[in-house]
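Everything below belongs to run_29.txt, which stores compact mmCIF, N, CA and C atoms.
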# COMPACT_ATOMS: atom_id res chain seq x y z
N MET A 1 -55.98 -104.86 50.53
CA MET A 1 -55.21 -103.78 49.94
C MET A 1 -55.36 -103.84 48.42
N ARG A 2 -55.56 -102.70 47.79
CA ARG A 2 -55.75 -102.64 46.35
C ARG A 2 -54.41 -102.77 45.66
N GLY A 3 -54.42 -103.27 44.41
CA GLY A 3 -53.19 -103.40 43.64
C GLY A 3 -52.73 -102.07 43.11
N ALA A 4 -51.52 -102.04 42.57
CA ALA A 4 -50.96 -100.78 42.06
C ALA A 4 -51.67 -100.38 40.77
N ARG A 5 -51.94 -99.13 40.63
CA ARG A 5 -52.59 -98.57 39.44
C ARG A 5 -51.52 -98.33 38.39
N PRO A 6 -51.79 -98.68 37.12
CA PRO A 6 -50.83 -98.39 36.06
C PRO A 6 -50.50 -96.90 36.06
N GLY A 7 -49.22 -96.59 35.95
CA GLY A 7 -48.79 -95.20 35.95
C GLY A 7 -48.66 -94.61 37.34
N GLN A 8 -48.86 -95.41 38.38
CA GLN A 8 -48.79 -94.91 39.75
C GLN A 8 -47.62 -95.56 40.47
N GLY A 9 -46.49 -95.57 39.88
CA GLY A 9 -45.34 -96.19 40.51
C GLY A 9 -44.19 -95.23 40.61
N LYS A 10 -43.09 -95.63 40.01
CA LYS A 10 -41.88 -94.84 40.03
C LYS A 10 -42.12 -93.44 39.46
N GLY A 11 -41.63 -92.43 40.13
CA GLY A 11 -41.74 -91.07 39.64
C GLY A 11 -43.03 -90.37 40.03
N VAL A 12 -43.98 -91.09 40.58
CA VAL A 12 -45.24 -90.48 40.98
C VAL A 12 -45.05 -89.84 42.34
N SER A 13 -45.45 -88.62 42.48
CA SER A 13 -45.29 -87.90 43.73
C SER A 13 -46.23 -88.45 44.78
N GLN A 14 -45.69 -88.92 45.89
CA GLN A 14 -46.53 -89.50 46.92
C GLN A 14 -46.84 -88.53 48.04
N HIS A 15 -45.89 -87.73 48.48
CA HIS A 15 -46.11 -86.71 49.51
C HIS A 15 -46.72 -87.25 50.80
N VAL A 16 -46.49 -88.49 51.12
CA VAL A 16 -47.08 -89.08 52.31
C VAL A 16 -46.03 -89.08 53.41
N ALA A 17 -46.26 -88.28 54.44
CA ALA A 17 -45.34 -88.19 55.56
C ALA A 17 -45.80 -89.13 56.67
N PRO A 18 -44.87 -89.80 57.36
CA PRO A 18 -45.27 -90.76 58.38
C PRO A 18 -46.01 -90.13 59.56
N GLU A 19 -45.80 -88.85 59.82
CA GLU A 19 -46.46 -88.23 60.96
C GLU A 19 -47.90 -87.80 60.68
N ASP A 20 -48.34 -87.96 59.42
CA ASP A 20 -49.71 -87.60 59.09
C ASP A 20 -50.69 -88.54 59.78
N PRO A 21 -51.79 -88.00 60.29
CA PRO A 21 -52.76 -88.87 60.96
C PRO A 21 -53.46 -89.77 59.96
N ALA A 22 -53.54 -91.04 60.28
CA ALA A 22 -54.26 -91.98 59.45
C ALA A 22 -55.67 -92.11 60.00
N PRO A 23 -56.67 -92.23 59.14
CA PRO A 23 -58.04 -92.36 59.64
C PRO A 23 -58.19 -93.67 60.41
N THR A 24 -59.03 -93.66 61.42
CA THR A 24 -59.29 -94.88 62.16
C THR A 24 -60.25 -95.73 61.37
N SER A 25 -60.26 -97.01 61.64
CA SER A 25 -61.10 -97.95 60.91
C SER A 25 -62.55 -97.51 60.91
N GLY A 26 -63.16 -97.47 59.70
CA GLY A 26 -64.57 -97.14 59.58
C GLY A 26 -64.88 -95.66 59.71
N SER A 27 -63.87 -94.80 59.75
CA SER A 27 -64.13 -93.38 59.96
C SER A 27 -64.27 -92.59 58.66
N GLY A 28 -64.24 -93.25 57.51
CA GLY A 28 -64.34 -92.54 56.25
C GLY A 28 -62.98 -92.06 55.78
N ALA A 29 -62.97 -91.04 54.97
CA ALA A 29 -61.73 -90.56 54.37
C ALA A 29 -61.21 -89.33 55.09
N THR A 30 -59.89 -89.17 55.02
CA THR A 30 -59.23 -87.96 55.48
C THR A 30 -58.57 -87.33 54.27
N ILE A 31 -58.79 -86.05 54.02
CA ILE A 31 -58.20 -85.34 52.89
C ILE A 31 -57.30 -84.26 53.45
N THR A 32 -56.02 -84.32 53.07
CA THR A 32 -55.03 -83.37 53.57
C THR A 32 -54.44 -82.58 52.40
N PRO A 33 -54.68 -81.26 52.32
CA PRO A 33 -54.03 -80.48 51.28
C PRO A 33 -52.58 -80.22 51.68
N TYR A 34 -51.64 -80.59 50.84
CA TYR A 34 -50.23 -80.36 51.11
C TYR A 34 -49.81 -79.02 50.54
N ARG A 35 -49.04 -78.28 51.31
CA ARG A 35 -48.57 -76.97 50.87
C ARG A 35 -47.81 -77.13 49.55
N ASP A 36 -48.20 -76.35 48.56
CA ASP A 36 -47.59 -76.35 47.23
C ASP A 36 -47.64 -77.72 46.55
N GLY A 37 -48.62 -78.54 46.95
CA GLY A 37 -48.70 -79.88 46.38
C GLY A 37 -50.12 -80.38 46.27
N PRO A 38 -50.27 -81.70 46.26
CA PRO A 38 -51.57 -82.32 46.00
C PRO A 38 -52.46 -82.42 47.22
N LEU A 39 -53.64 -82.98 47.00
CA LEU A 39 -54.54 -83.38 48.09
C LEU A 39 -54.25 -84.85 48.35
N ILE A 40 -53.93 -85.20 49.59
CA ILE A 40 -53.70 -86.60 49.95
C ILE A 40 -55.01 -87.14 50.53
N VAL A 41 -55.50 -88.22 49.96
CA VAL A 41 -56.74 -88.85 50.40
C VAL A 41 -56.40 -90.20 51.00
N ARG A 42 -56.82 -90.40 52.26
CA ARG A 42 -56.56 -91.65 52.98
C ARG A 42 -57.87 -92.20 53.52
N GLY A 43 -57.96 -93.51 53.61
CA GLY A 43 -59.12 -94.11 54.25
C GLY A 43 -60.09 -94.71 53.26
N ASP A 44 -61.33 -94.82 53.71
CA ASP A 44 -62.39 -95.44 52.93
C ASP A 44 -63.05 -94.37 52.05
N PHE A 45 -62.83 -94.44 50.74
CA PHE A 45 -63.39 -93.44 49.84
C PHE A 45 -63.74 -94.09 48.51
N ARG A 46 -64.59 -93.40 47.75
CA ARG A 46 -64.88 -93.77 46.36
C ARG A 46 -64.52 -92.58 45.51
N LEU A 47 -63.89 -92.83 44.39
CA LEU A 47 -63.50 -91.79 43.45
C LEU A 47 -64.35 -91.96 42.20
N LEU A 48 -65.11 -90.91 41.85
CA LEU A 48 -66.03 -90.97 40.71
C LEU A 48 -65.68 -89.90 39.69
N ASP A 49 -65.93 -90.19 38.41
CA ASP A 49 -65.80 -89.14 37.39
C ASP A 49 -67.09 -88.32 37.36
N GLN A 50 -67.15 -87.31 36.53
CA GLN A 50 -68.32 -86.42 36.53
C GLN A 50 -69.60 -87.11 36.08
N ASP A 51 -69.48 -88.27 35.44
CA ASP A 51 -70.66 -89.02 35.02
C ASP A 51 -71.07 -90.07 36.04
N GLY A 52 -70.37 -90.13 37.18
CA GLY A 52 -70.70 -91.07 38.23
C GLY A 52 -70.03 -92.42 38.09
N ASN A 53 -69.14 -92.57 37.11
CA ASN A 53 -68.42 -93.83 36.93
C ASN A 53 -67.27 -93.90 37.93
N GLU A 54 -67.12 -95.05 38.57
CA GLU A 54 -66.08 -95.20 39.57
C GLU A 54 -64.70 -95.29 38.91
N ILE A 55 -63.73 -94.59 39.48
CA ILE A 55 -62.34 -94.64 39.05
C ILE A 55 -61.60 -95.48 40.08
N ASP A 56 -60.96 -96.55 39.65
CA ASP A 56 -60.21 -97.40 40.57
C ASP A 56 -58.89 -96.71 40.90
N PRO A 57 -58.71 -96.29 42.16
CA PRO A 57 -57.48 -95.60 42.52
C PRO A 57 -56.27 -96.52 42.62
N GLY A 58 -56.50 -97.82 42.76
CA GLY A 58 -55.40 -98.77 42.79
C GLY A 58 -54.69 -98.85 44.13
N ARG A 59 -55.13 -98.07 45.10
CA ARG A 59 -54.50 -98.08 46.43
C ARG A 59 -55.42 -97.41 47.42
N GLU A 60 -55.07 -97.47 48.70
CA GLU A 60 -55.91 -96.90 49.75
C GLU A 60 -55.53 -95.46 50.10
N THR A 61 -54.35 -95.03 49.71
CA THR A 61 -53.93 -93.64 49.90
C THR A 61 -53.51 -93.12 48.53
N ILE A 62 -54.10 -91.97 48.14
CA ILE A 62 -53.79 -91.41 46.83
C ILE A 62 -53.46 -89.93 46.94
N ALA A 63 -52.79 -89.42 45.93
CA ALA A 63 -52.49 -87.99 45.81
C ALA A 63 -53.26 -87.47 44.60
N LEU A 64 -54.15 -86.49 44.84
CA LEU A 64 -54.93 -85.90 43.76
C LEU A 64 -54.31 -84.57 43.34
N CYS A 65 -54.23 -84.34 42.05
CA CYS A 65 -53.62 -83.14 41.50
C CYS A 65 -54.44 -81.90 41.85
N ARG A 66 -53.73 -80.83 42.27
CA ARG A 66 -54.37 -79.53 42.48
C ARG A 66 -53.86 -78.50 41.48
N CYS A 67 -52.74 -78.77 40.82
CA CYS A 67 -52.14 -77.76 39.96
C CYS A 67 -52.68 -77.78 38.53
N GLY A 68 -53.28 -78.90 38.12
CA GLY A 68 -53.81 -79.00 36.76
C GLY A 68 -52.80 -79.42 35.72
N LYS A 69 -51.56 -79.69 36.11
CA LYS A 69 -50.50 -80.02 35.16
C LYS A 69 -50.19 -81.50 35.06
N SER A 70 -50.78 -82.34 35.90
CA SER A 70 -50.47 -83.76 35.93
C SER A 70 -50.81 -84.44 34.60
N GLY A 71 -49.98 -85.38 34.22
CA GLY A 71 -50.24 -86.17 33.02
C GLY A 71 -51.10 -87.39 33.31
N ILE A 72 -51.42 -87.63 34.59
CA ILE A 72 -52.25 -88.77 34.96
C ILE A 72 -53.44 -88.33 35.81
N LYS A 73 -54.03 -87.17 35.44
CA LYS A 73 -55.17 -86.64 36.19
C LYS A 73 -56.24 -87.70 36.37
N PRO A 74 -56.90 -87.77 37.48
CA PRO A 74 -56.92 -86.81 38.57
C PRO A 74 -55.78 -87.00 39.58
N PHE A 75 -54.87 -87.95 39.30
CA PHE A 75 -53.79 -88.24 40.23
C PHE A 75 -52.61 -87.31 40.03
N CYS A 76 -51.86 -87.09 41.09
CA CYS A 76 -50.67 -86.24 41.04
C CYS A 76 -49.50 -87.03 40.49
N ASP A 77 -48.70 -86.40 39.62
CA ASP A 77 -47.48 -87.03 39.12
C ASP A 77 -46.23 -86.20 39.45
N GLY A 78 -46.40 -85.19 40.30
CA GLY A 78 -45.26 -84.36 40.69
C GLY A 78 -45.04 -83.14 39.80
N SER A 79 -45.89 -82.94 38.80
CA SER A 79 -45.72 -81.81 37.87
C SER A 79 -45.81 -80.46 38.56
N HIS A 80 -46.46 -80.39 39.73
CA HIS A 80 -46.59 -79.12 40.45
C HIS A 80 -45.22 -78.53 40.79
N LYS A 81 -44.22 -79.39 40.99
CA LYS A 81 -42.87 -78.90 41.32
C LYS A 81 -42.27 -78.17 40.12
N ARG A 82 -42.36 -78.77 38.94
CA ARG A 82 -41.82 -78.14 37.72
C ARG A 82 -42.60 -76.90 37.33
N ALA A 83 -43.91 -76.89 37.62
CA ALA A 83 -44.78 -75.78 37.23
C ALA A 83 -44.70 -74.60 38.20
N GLY A 84 -44.07 -74.82 39.37
CA GLY A 84 -44.00 -73.75 40.37
C GLY A 84 -45.33 -73.50 41.05
N PHE A 85 -46.17 -74.52 41.14
CA PHE A 85 -47.48 -74.39 41.78
C PHE A 85 -47.31 -73.95 43.22
N SER A 86 -48.16 -73.03 43.64
CA SER A 86 -48.09 -72.51 45.00
C SER A 86 -49.49 -72.42 45.59
N ALA A 87 -49.67 -73.07 46.74
CA ALA A 87 -50.94 -73.01 47.47
C ALA A 87 -50.64 -73.38 48.91
N PRO A 88 -51.27 -72.70 49.85
CA PRO A 88 -51.05 -73.03 51.25
C PRO A 88 -51.73 -74.34 51.62
N SER A 89 -51.33 -74.92 52.73
CA SER A 89 -52.03 -76.11 53.22
C SER A 89 -53.38 -75.72 53.82
N PRO A 90 -53.41 -74.75 54.76
CA PRO A 90 -54.72 -74.34 55.29
C PRO A 90 -55.40 -73.36 54.33
N PRO A 91 -56.70 -73.20 54.43
CA PRO A 91 -57.38 -72.21 53.58
C PRO A 91 -56.82 -70.82 53.83
N SER A 92 -56.75 -70.01 52.79
CA SER A 92 -56.22 -68.65 52.94
C SER A 92 -57.23 -67.73 53.61
N ARG A 93 -58.50 -68.11 53.60
CA ARG A 93 -59.54 -67.35 54.30
C ARG A 93 -60.64 -68.32 54.69
N PRO A 94 -61.40 -68.00 55.74
CA PRO A 94 -62.47 -68.91 56.16
C PRO A 94 -63.58 -69.01 55.13
N ARG A 95 -64.19 -70.16 55.07
CA ARG A 95 -65.35 -70.32 54.19
C ARG A 95 -66.50 -69.52 54.76
N PRO A 96 -67.35 -68.95 53.92
CA PRO A 96 -68.49 -68.18 54.43
C PRO A 96 -69.38 -68.99 55.37
N ALA A 97 -69.59 -70.26 55.10
CA ALA A 97 -70.44 -71.08 55.96
C ALA A 97 -69.82 -71.22 57.35
N ALA A 98 -68.51 -71.25 57.44
CA ALA A 98 -67.84 -71.38 58.73
C ALA A 98 -68.12 -70.14 59.59
N ARG A 99 -68.18 -68.96 58.97
CA ARG A 99 -68.49 -67.75 59.73
C ARG A 99 -69.93 -67.78 60.23
N ILE A 100 -70.85 -68.28 59.43
CA ILE A 100 -72.26 -68.37 59.82
C ILE A 100 -72.39 -69.32 61.01
N LEU A 101 -71.73 -70.48 60.94
CA LEU A 101 -71.82 -71.45 62.02
C LEU A 101 -71.25 -70.87 63.32
N ARG A 102 -70.14 -70.13 63.23
CA ARG A 102 -69.55 -69.54 64.42
C ARG A 102 -70.48 -68.48 65.01
N ALA A 103 -71.17 -67.74 64.18
CA ALA A 103 -72.08 -66.70 64.66
C ALA A 103 -73.28 -67.31 65.39
N ASP A 104 -73.68 -68.51 65.01
CA ASP A 104 -74.81 -69.18 65.66
C ASP A 104 -74.40 -69.87 66.97
N ALA A 105 -73.12 -70.05 67.20
CA ALA A 105 -72.65 -70.76 68.38
C ALA A 105 -72.97 -69.95 69.64
N PRO A 106 -73.32 -70.65 70.74
CA PRO A 106 -73.67 -69.93 72.00
C PRO A 106 -72.47 -69.29 72.64
Would you put the structure from the file into structure tokens?
Amino acid sequence: MRGARPGQGKGVSQHVAPEDPAPTSGSGATITPYRDGPLIVRGDFRLLDQDGNEIDPGRETIALCRCGKSGIKPFCDGSHKRAGFSAPSPPSRPRPAARILRADAP
């Protein structure tokens, strides 16, 4: 288990519900967009900056900011609540590639 990341303690929005499915061992990462909140990443993952440098998440489950207001980007700090951020959990419309794949299905 990784140690706690500085700034990732008290007051940091976790949004981790016990009923959420946890990835099975060796299955890679699971990313769950929370309604009006962050992306929750669980499992085996690497977090890189745009230059390819690894960012130590400090834990195995993290919340990534979607609202752009976090003071500890790329991690969520709960600022989406104060900012009134709104986004659904599921996509609001299908991805174009998903329609192509369905059209090719027998």
**OP:** Using all atoms listed in the file, find the one residue out of A:Pro88, A:Gly52, A:Pro94, A:Pro38 that sits nearest to Cys67 of chain A.
**Re:** A:Pro38
Subject >> Between atom C of Ala29 of chain A and atom N of Val41 of chain A, distance in Å (one decimal) >> reply: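 Separating atom C of Ala29 of chain A from atom N of Val41 of chain A is a distance of 7.8 Å.
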**OP:** Tell me, in Å to one decimal, how far atom C of Gly43 of chain A is from atom CA of Pro90 of chain A.
**Re:** 21.2 Å
**OP:** Please measure the separation of atom CA of Arg35 of chain A and atom C of Leu48 of chain A, giving the value in Å to one decimal.
**Re:**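 If I compute the distance from atom CA of Arg35 of chain A to atom C of Leu48 of chain A, I get 24.2 Å.
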